[in-house]
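Trainee: Structure: upload19.txt, compact mmCIF, C-alpha atoms.
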```txt
# COMPACT_ATOMS: atom_id res chain seq x y z
CA SER O 16 -1.79 18.75 -2.02
CA ASN O 17 -4.31 19.33 -4.76
CA SER O 18 -6.40 16.44 -3.50
CA ASN O 19 -9.85 17.07 -2.14
CA PRO O 20 -11.26 14.99 0.68
CA THR O 21 -14.16 12.68 0.09
CA THR O 22 -17.49 13.77 1.44
CA THR O 23 -19.75 11.93 3.83
CA THR O 24 -23.51 11.87 4.10
CA SER O 25 -23.41 14.29 7.02
CA VAL O 26 -22.72 18.01 6.70
CA SER O 27 -19.19 18.80 7.76
CA SER O 28 -17.86 22.07 9.15
CA LYS O 29 -14.34 21.24 8.02
CA SER O 30 -12.55 23.68 5.79
CA PRO O 31 -11.82 22.78 2.14
CA GLY O 32 -8.81 20.52 1.79
CA GLU O 33 -9.31 18.91 5.20
CA PRO O 34 -10.05 15.21 4.98
CA THR O 35 -13.07 13.40 6.24
CA THR O 36 -11.97 11.22 9.10
CA THR O 37 -12.81 7.86 10.03
CA SER O 38 -10.60 3.25 16.61
CA PRO O 39 -9.70 0.53 16.51
CA ALA O 40 -10.23 -1.87 13.96
CA LEU O 41 -12.08 -4.65 12.37
CA ASP O 42 -15.66 -5.39 13.31
CA SER O 43 -16.06 -9.13 13.02
CA SER O 44 -19.76 -8.66 12.38
CA SER O 45 -19.12 -6.80 9.13
CA SER O 46 -21.13 -8.28 6.29
CA THR O 47 -18.12 -8.00 4.03
CA PRO O 48 -14.97 -9.69 5.33
CA PRO O 49 -11.49 -8.53 4.32
CA ALA O 50 -10.44 -9.74 0.90
CA THR O 51 -7.55 -11.61 2.44
CA SER O 52 -7.43 -13.76 5.55
CA THR O 53 -4.00 -13.39 7.12
CA ALA O 54 -4.43 -16.60 9.06
CA SER O 55 -4.25 -18.70 5.92
CA HIS O 56 -0.97 -17.27 4.67
CA SER O 57 2.13 -19.38 4.79
CA SER O 58 5.39 -19.68 2.95
CA SER O 59 4.24 -22.99 1.51
CA ASN O 60 1.45 -21.26 -0.38
CA PRO O 61 2.59 -17.70 -1.12
CA SER O 62 -0.14 -16.80 -3.56
CA PRO O 63 -2.45 -14.07 -2.21
CA PRO O 64 -2.61 -10.64 -3.88
CA PRO O 65 0.68 -8.80 -3.32
CA THR O 66 -0.65 -5.71 -1.60
CA SER O 67 -2.97 -7.65 0.70
CA THR O 68 -0.16 -10.00 1.65
CA SER O 69 2.54 -7.41 2.12
CA SER O 70 0.87 -4.34 3.62
CA PRO O 71 0.70 -5.92 7.11
CA HIS O 72 4.48 -6.45 6.95
CA PHE O 73 5.01 -2.72 6.65
CA PRO O 74 4.19 -0.98 9.98
CA PRO O 75 6.69 -2.87 12.20
CA ILE O 76 9.64 -1.61 10.12
CA LEU O 77 8.49 2.02 10.07
CA PRO O 78 9.12 4.91 12.43
CA SER O 79 6.04 6.23 14.20
CA GLY O 80 3.84 8.47 12.11
CA PRO O 81 1.17 8.49 9.41
CA ILE O 82 1.09 5.95 6.59
CA ALA O 83 -0.02 6.89 3.08
CA ILE O 84 -1.79 4.48 0.75
CA LEU O 85 -1.51 5.63 -2.85
CA GLY O 86 -4.19 3.78 -4.78
CA PHE O 87 -6.59 3.24 -1.89
CA GLY O 88 -9.12 1.16 -3.83
CA ALA O 89 -11.88 -0.31 -1.67
CA GLY O 90 -9.68 -0.15 1.44
CA THR O 91 -8.37 -3.72 1.79
CA ALA O 92 -4.84 -2.69 2.77
CA ALA O 93 -6.14 -0.07 5.20
CA ARG O 94 -8.49 -2.61 6.80
CA LEU O 95 -5.67 -5.10 7.37
CA ILE O 96 -3.30 -2.52 8.82
CA LEU O 97 -5.90 -1.03 11.15
CA HIS O 98 -6.96 -4.49 12.30
CA LEU O 99 -3.42 -5.61 13.12
CA TYR O 100 -2.02 -2.23 14.21
CA PRO O 101 -4.97 -0.23 15.59
CA GLU O 102 -2.72 2.65 16.63
CA SER O 103 -1.95 3.39 12.97
CA GLN O 104 -3.03 6.55 11.19
CA ILE O 105 -3.72 6.11 7.48
CA HIS O 106 -4.12 8.66 4.70
CA GLY O 107 -5.43 7.14 1.48
CA TRP O 108 -5.53 8.64 -2.00
CA GLU O 109 -7.80 7.40 -4.79
CA LEU O 110 -8.21 9.06 -8.18
CA ASP O 111 -11.64 7.64 -9.01
CA PRO O 112 -14.42 8.65 -6.60
CA SER O 113 -16.62 5.80 -7.85
CA VAL O 114 -14.11 3.31 -6.44
CA ILE O 115 -14.55 4.82 -2.98
CA SER O 116 -18.34 4.78 -3.42
CA VAL O 117 -18.27 1.08 -4.32
CA GLY O 118 -15.98 0.39 -1.34
CA ARG O 119 -18.41 2.12 0.99
CA GLU O 120 -21.49 0.41 -0.38
CA PHE O 121 -20.26 -3.14 -0.95
CA PHE O 122 -16.95 -3.66 0.86
CA GLY O 123 -17.55 -2.27 4.35
CA LEU O 124 -15.50 0.89 3.87
CA GLU O 125 -18.16 3.15 5.38
CA LYS O 126 -18.15 1.04 8.56
CA LEU O 127 -14.34 1.05 8.62
CA GLU O 128 -14.38 4.85 8.47
CA LYS O 129 -16.86 5.09 11.35
CA GLN O 130 -14.79 2.67 13.42
CA ASN O 131 -11.60 4.63 12.82
CA LYS O 132 -12.53 8.29 13.23
CA GLY O 133 -9.35 10.31 13.49
CA LYS O 134 -7.28 7.42 12.14
CA LEU O 135 -8.46 6.98 8.56
CA PHE O 136 -8.46 9.86 6.09
CA ILE O 137 -9.48 9.45 2.44
CA TYR O 138 -8.75 11.91 -0.36
CA ILE O 139 -9.92 12.01 -3.96
CA GLY O 140 -7.15 13.18 -6.26
CA ASP O 141 -3.76 12.49 -7.79
CA ALA O 142 -1.94 10.12 -5.44
CA LEU O 143 1.45 11.37 -6.62
CA GLU O 144 0.54 14.76 -5.13
CA ALA O 145 -0.02 13.22 -1.68
CA GLU O 146 1.46 15.36 1.05
CA ILE O 147 1.33 15.84 4.81
CA ASN O 148 3.08 18.07 7.31
CA ASP O 149 6.32 16.53 8.63
CA GLY O 150 6.17 13.67 6.10
CA PHE O 151 4.92 10.08 6.05
CA SER O 152 6.50 7.27 8.02
CA GLY O 153 5.59 4.95 5.17
CA ILE O 154 4.07 5.13 1.70
CA LEU O 155 2.26 2.14 0.19
CA VAL O 156 2.11 2.42 -3.59
CA ASP O 157 -0.49 0.40 -5.50
CA LEU O 158 -1.06 2.47 -8.63
CA PHE O 159 -2.46 0.77 -11.71
CA ALA O 160 -4.31 2.13 -14.73
CA LYS O 161 -5.76 0.15 -17.63
CA GLY O 162 -4.42 -3.04 -16.09
CA SER O 163 -0.83 -1.83 -15.83
CA LEU O 164 1.41 -0.13 -13.32
CA ILE O 165 1.25 3.58 -14.16
CA PRO O 166 4.08 4.80 -16.45
CA GLU O 167 5.23 7.40 -13.91
CA LEU O 168 6.58 4.61 -11.72
CA GLN O 169 9.09 3.68 -14.39
CA GLN O 170 10.64 7.16 -14.03
CA ALA O 171 13.32 7.85 -11.43
CA GLU O 172 12.00 11.39 -10.96
CA THR O 173 8.75 10.01 -9.53
CA TRP O 174 10.65 8.04 -6.91
CA LYS O 175 12.68 11.12 -6.00
CA ARG O 176 9.42 12.98 -5.39
CA LEU O 177 7.98 10.17 -3.31
CA LYS O 178 11.19 9.88 -1.29
CA SER O 179 10.97 13.59 -0.48
CA LYS O 180 7.56 12.99 1.13
CA LEU O 181 9.00 10.64 3.78
CA LYS O 182 10.00 11.60 7.30
CA LYS O 183 13.42 10.52 8.57
CA GLY O 184 13.66 6.72 8.53
CA GLY O 185 10.55 6.37 6.40
CA ARG O 186 10.11 3.71 3.73
CA ILE O 187 8.13 3.07 0.57
CA MET O 188 6.49 -0.26 -0.29
CA VAL O 189 5.22 -0.81 -3.81
CA ASN O 190 3.24 -3.41 -5.70
CA CYS O 191 5.43 -3.84 -8.79
CA GLY O 192 3.07 -6.20 -10.60
CA GLY O 193 4.73 -8.86 -12.74
CA SER O 194 3.67 -11.49 -15.23
CA CYS O 195 0.38 -11.81 -13.32
CA VAL O 196 -0.65 -8.38 -14.66
CA GLU O 197 -2.58 -8.30 -17.93
CA ALA O 198 -2.48 -4.78 -19.35
CA GLU O 199 -4.95 -3.46 -21.92
CA ASP O 200 -1.93 -2.28 -23.92
CA PRO O 201 -0.08 -5.40 -25.16
CA GLU O 202 3.16 -3.41 -25.27
CA ARG O 203 3.05 -2.98 -21.48
CA GLU O 204 3.78 -6.59 -20.58
CA GLY O 205 3.66 -7.03 -16.82
CA ASN O 206 7.11 -8.48 -16.26
CA ALA O 207 8.84 -5.88 -18.44
CA VAL O 208 7.04 -3.05 -16.61
CA MET O 209 8.05 -4.57 -13.28
CA VAL O 210 11.71 -4.66 -14.35
CA GLU O 211 11.61 -1.02 -15.48
CA THR O 212 9.95 0.03 -12.23
CA LEU O 213 12.61 -1.68 -10.12
CA LYS O 214 15.32 -0.14 -12.30
CA ALA O 215 13.91 3.35 -11.64
CA MET O 216 13.75 2.63 -7.91
CA ARG O 217 17.38 1.48 -7.90
CA GLU O 218 18.45 4.77 -9.49
CA VAL O 219 17.08 6.62 -6.48
CA PHE O 220 17.55 4.17 -3.59
CA ALA O 221 20.69 2.35 -4.83
CA GLU O 222 21.20 -0.89 -2.89
CA LYS O 223 18.41 -0.05 -0.43
CA VAL O 224 15.67 -1.89 -2.32
CA PHE O 225 14.28 -5.24 -1.14
CA VAL O 226 11.89 -7.47 -3.04
CA LEU O 227 9.37 -10.18 -2.22
CA LYS O 228 8.44 -12.36 -5.17
CA LEU O 229 5.22 -14.31 -4.93
CA ARG O 230 4.50 -17.22 -7.25
CA HIS O 231 0.94 -18.23 -8.06
CA TRP O 232 0.59 -21.07 -10.53
CA LYS O 233 2.73 -19.98 -13.48
CA GLU O 234 2.41 -16.28 -12.79
CA ASP O 235 4.73 -14.14 -10.70
CA SER O 236 4.16 -10.91 -8.83
CA CYS O 237 6.59 -8.70 -6.98
CA VAL O 238 6.48 -6.28 -4.06
CA ALA O 239 9.41 -4.04 -3.09
CA PHE O 240 10.30 -1.78 -0.20
CA THR O 241 13.00 0.83 0.30
CA GLY O 242 15.44 1.58 3.08
CA PRO O 243 18.16 -0.30 4.95
CA SER O 244 17.78 -3.97 5.83
CA PRO O 245 15.47 -4.33 8.83
CA ASN O 246 16.36 -6.31 11.94
CA MET O 247 14.87 -9.60 10.75
CA GLY O 248 14.52 -11.10 14.23
CA PHE O 249 12.64 -8.09 15.55
CA TRP O 250 10.52 -7.97 12.40
CA LYS O 251 9.44 -11.61 12.78
CA GLN O 252 8.51 -11.11 16.42
CA ALA O 253 6.45 -8.03 15.60
CA LEU O 254 4.34 -9.79 12.97
CA PRO O 255 1.26 -11.92 13.64
CA LEU O 256 1.56 -15.67 13.29
CA GLY O 257 0.97 -16.63 9.68
CA LEU O 258 2.72 -13.54 8.34
CA ASN O 259 6.14 -13.86 9.95
CA SER O 260 7.03 -16.78 7.68
CA TYR O 261 7.20 -14.29 4.80
CA VAL O 262 10.06 -12.32 6.33
CA ASP O 263 12.73 -14.72 5.06
CA MET O 264 11.35 -14.38 1.53
CA TRP O 265 12.43 -10.73 1.29
CA ALA O 266 15.81 -10.27 -0.37
CA PRO O 267 17.93 -7.37 -1.68
CA LEU O 268 17.22 -6.46 -5.28
CA SER O 269 19.89 -8.19 -7.35
```
So that I can check it, write out the structure of this file as structure tokens.
Mentor:
Amino acid sequence: SNSNPTTTTSVSSKSPGEPTTTSPALDSSSSTPPATSTASHSSSNPSPPPTSTSSPHFPPILPSGPIAILGFGAGTAARLILHLYPESQIHGWELDPSVISVGREFFGLEKLEKQNKGKLFIYIGDALEAEINDGFSGILVDLFAKGSLIPELQQAETWKRLKSKLKKGGRIMVNCGGSCVEAEDPEREGNAVMVETLKAMREVFAEKVFVLKLRHWKEDSCVAFTGPSPNMGFWKQALPLGLNSYVDMWAPLS
């Protein structure tokens, strides 16, 4: 990968290209709580942000192995996963180093890194160049620029590349946006971009694409994952109370 790891305030003896590392999980005394409280989620009010809602669904349907977060942001998805599944190993990519700086200063990311040494790795660089030996068990894609899903995700070739980064049995989960997204470019209307993104995914994964559509007021958003249909009963049992009600909302892309 061309990505460079983020640096910490301490001097590191790690070689270039090796990530800074960050056990188990969420410190309830953190001054900045997670952006989403999983306890309040239910199928009767499916309106939280797509990535925050859906990322905790992901680990139980993955083989063992590292999870990539492409578009790491301030670390909300990583925090939720590490809290619920403390055995997870997460590699996050973020293009803008200032986003990581803000996450560390204001959103408890620095504390999360210290609590998860050897489990949380953050890289600054192009997320589409993310790579790891032996592949990822799962890839979470949350890539937006100028208020819109990046154009590369409307290209089948991008999904072929991402698929090649998975280990056997691995899956991809992606925030596809929707009408809830307000792009700076009026020609990149959120729902149309979502449709084109799903179309590109279908070209690569055929019928193995599942979607979760969340409705908030009059605006819709959509999350998708790839791979064969999971064992729904097992999936429900593996999820914390408050999240398992979402399982029945996933459906094959029609």
Trainee: Between O:Gly150, O:Gly90, O:Gly162, O:Gly257, which has the minimum distance to O:Glu202 (counting only C-alpha atoms)?
Mentor: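 When distances to O:Glu202 are compared using only C-alpha atoms, the smallest one comes from O:Gly162.
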Trainee: Closest to O:Asp149 among O:Pro201, O:Pro81, O:Pro71, O:Gly242, using all atoms listed in the file?
Mentor: O:Pro81
Trainee: At a cut-off of 9 Å, using all atoms listed in the file, what residues contact stretch 82-85 of chain O? Leave out same-chain residues fewer than 5 positions from it and give the result as a VMD selection string.
Mentor: chain O and resid 74 92 to 93 103 to 109 141 to 143 145 to 146 151 to 158
Trainee: Kindly indicate which residue among O:Ser69, O:Asn206, O:Asn131, O:Asn148 lies nearest to O:Pro101, using all atoms listed in the file for the distances.
Mentor: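 Of O:Ser69, O:Asn206, O:Asn131, O:Asn148, the one nearest O:Pro101 is O:Asn131, counting all atoms listed in the file.
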Trainee: Which polymer residues have any atom within 12 Å of an atom of O:Glu211, counting all atoms listed in the file, with same-chain residues fewer than 5 positions away left out, as a list in words?
Mentor: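 Selected residues are Leu164, Ile165, Pro166, Glu167, Leu168, Gln169, Gln170, Ala171, Cys191, Gly192, Gly193, Arg203, Glu204, Gly205, Asn206, Met216, Arg217 and Glu218 of chain O.
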Trainee: Could the residues in this selection be written to a file with C-alpha atoms, as a PDB file, in the coordinates of the input?
Mentor:
```pdb
ATOM      1  CA  LEU O 164       1.410  -0.130 -13.320  1.00  0.00           C
ATOM      2  CA  ILE O 165       1.250   3.580 -14.160  1.00  0.00           C
ATOM      3  CA  PRO O 166       4.080   4.800 -16.450  1.00  0.00           C
ATOM      4  CA  GLU O 167       5.230   7.400 -13.910  1.00  0.00           C
ATOM      5  CA  LEU O 168       6.580   4.610 -11.720  1.00  0.00           C
ATOM      6  CA  GLN O 169       9.090   3.680 -14.390  1.00  0.00           C
ATOM      7  CA  GLN O 170      10.640   7.160 -14.030  1.00  0.00           C
ATOM      8  CA  ALA O 171      13.320   7.850 -11.430  1.00  0.00           C
ATOM      9  CA  CYS O 191       5.430  -3.840  -8.790  1.00  0.00           C
ATOM     10  CA  GLY O 192       3.070  -6.200 -10.600  1.00  0.00           C
ATOM     11  CA  GLY O 193       4.730  -8.860 -12.740  1.00  0.00           C
ATOM     12  CA  ARG O 203       3.050  -2.980 -21.480  1.00  0.00           C
ATOM     13  CA  GLU O 204       3.780  -6.590 -20.580  1.00  0.00           C
ATOM     14  CA  GLY O 205       3.660  -7.030 -16.820  1.00  0.00           C
ATOM     15  CA  ASN O 206       7.110  -8.480 -16.260  1.00  0.00           C
ATOM     16  CA  MET O 216      13.750   2.630  -7.910  1.00  0.00           C
ATOM     17  CA  ARG O 217      17.380   1.480  -7.900  1.00  0.00           C
ATOM     18  CA  GLU O 218      18.450   4.770  -9.490  1.00  0.00           C
TER      19      GLU O 218
END
```
Trainee: Just the residues within 12 Å of O:Val219, please, counting only C-alpha atoms, with nothing from its chain fewer than 2 positions along; format it as a list in words.
Mentor: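 With the cut-off at 12 Å, the set is Leu168, Gln169, Gln170, Ala171, Glu172, Thr173, Trp174, Lys175, Arg176, Leu177, Lys178, Ser179, Ile187, Thr212, Leu213, Lys214, Ala215, Met216, Arg217, Ala221, Glu222, Lys223, Val224, Thr241 and Gly242 of chain O.
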Trainee: If I take atom CA of O:Phe159 and atom CA of O:Trp250, how far is one from the other in Å, to one decimal?
Mentor: 28.7 Å
Trainee: Any idea what's packed within 6 Å of O:Val226, counting all atoms listed in the file, ignoring anything in its chain fewer than 6 positions away? Could you give it as a PyMOL selection string?
Mentor: chain O and resi 238-239+265-266+268
Trainee: How many Å separate atom CA of O:Pro243 from atom CA of O:Ser163?
Mentor: 28.2 Å
Trainee: Which residue, O:Val189, O:Leu99, O:Val117, O:Ile147, has the smallest gap to O:Leu254 when you use all atoms listed in the file?
Mentor: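 Smallest distance to O:Leu254 is found for O:Leu99.
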Trainee: Take atom CA of O:Gln252 and atom CA of O:Lys180 and report the distance between them in Å, one decimal.
Mentor: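 These atoms are spaced 28.6 Å apart.
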Trainee: Can you pull out every residue within 12 Å of O:Pro245, counting all atoms listed in the file, but drop anything in the same chain fewer than 5 positions away, and send it as a VMD selection string?
Mentor: chain O and resid 72 to 78 184 186 223 to 225 240 250 to 251 253 262 to 263 265 to 267
Trainee: Given all atoms listed in the file as the basis, pick out the residue of O:Met209, O:Met264, O:Leu181, O:Ile115 nearest to O:Phe87.
Mentor: O:Ile115
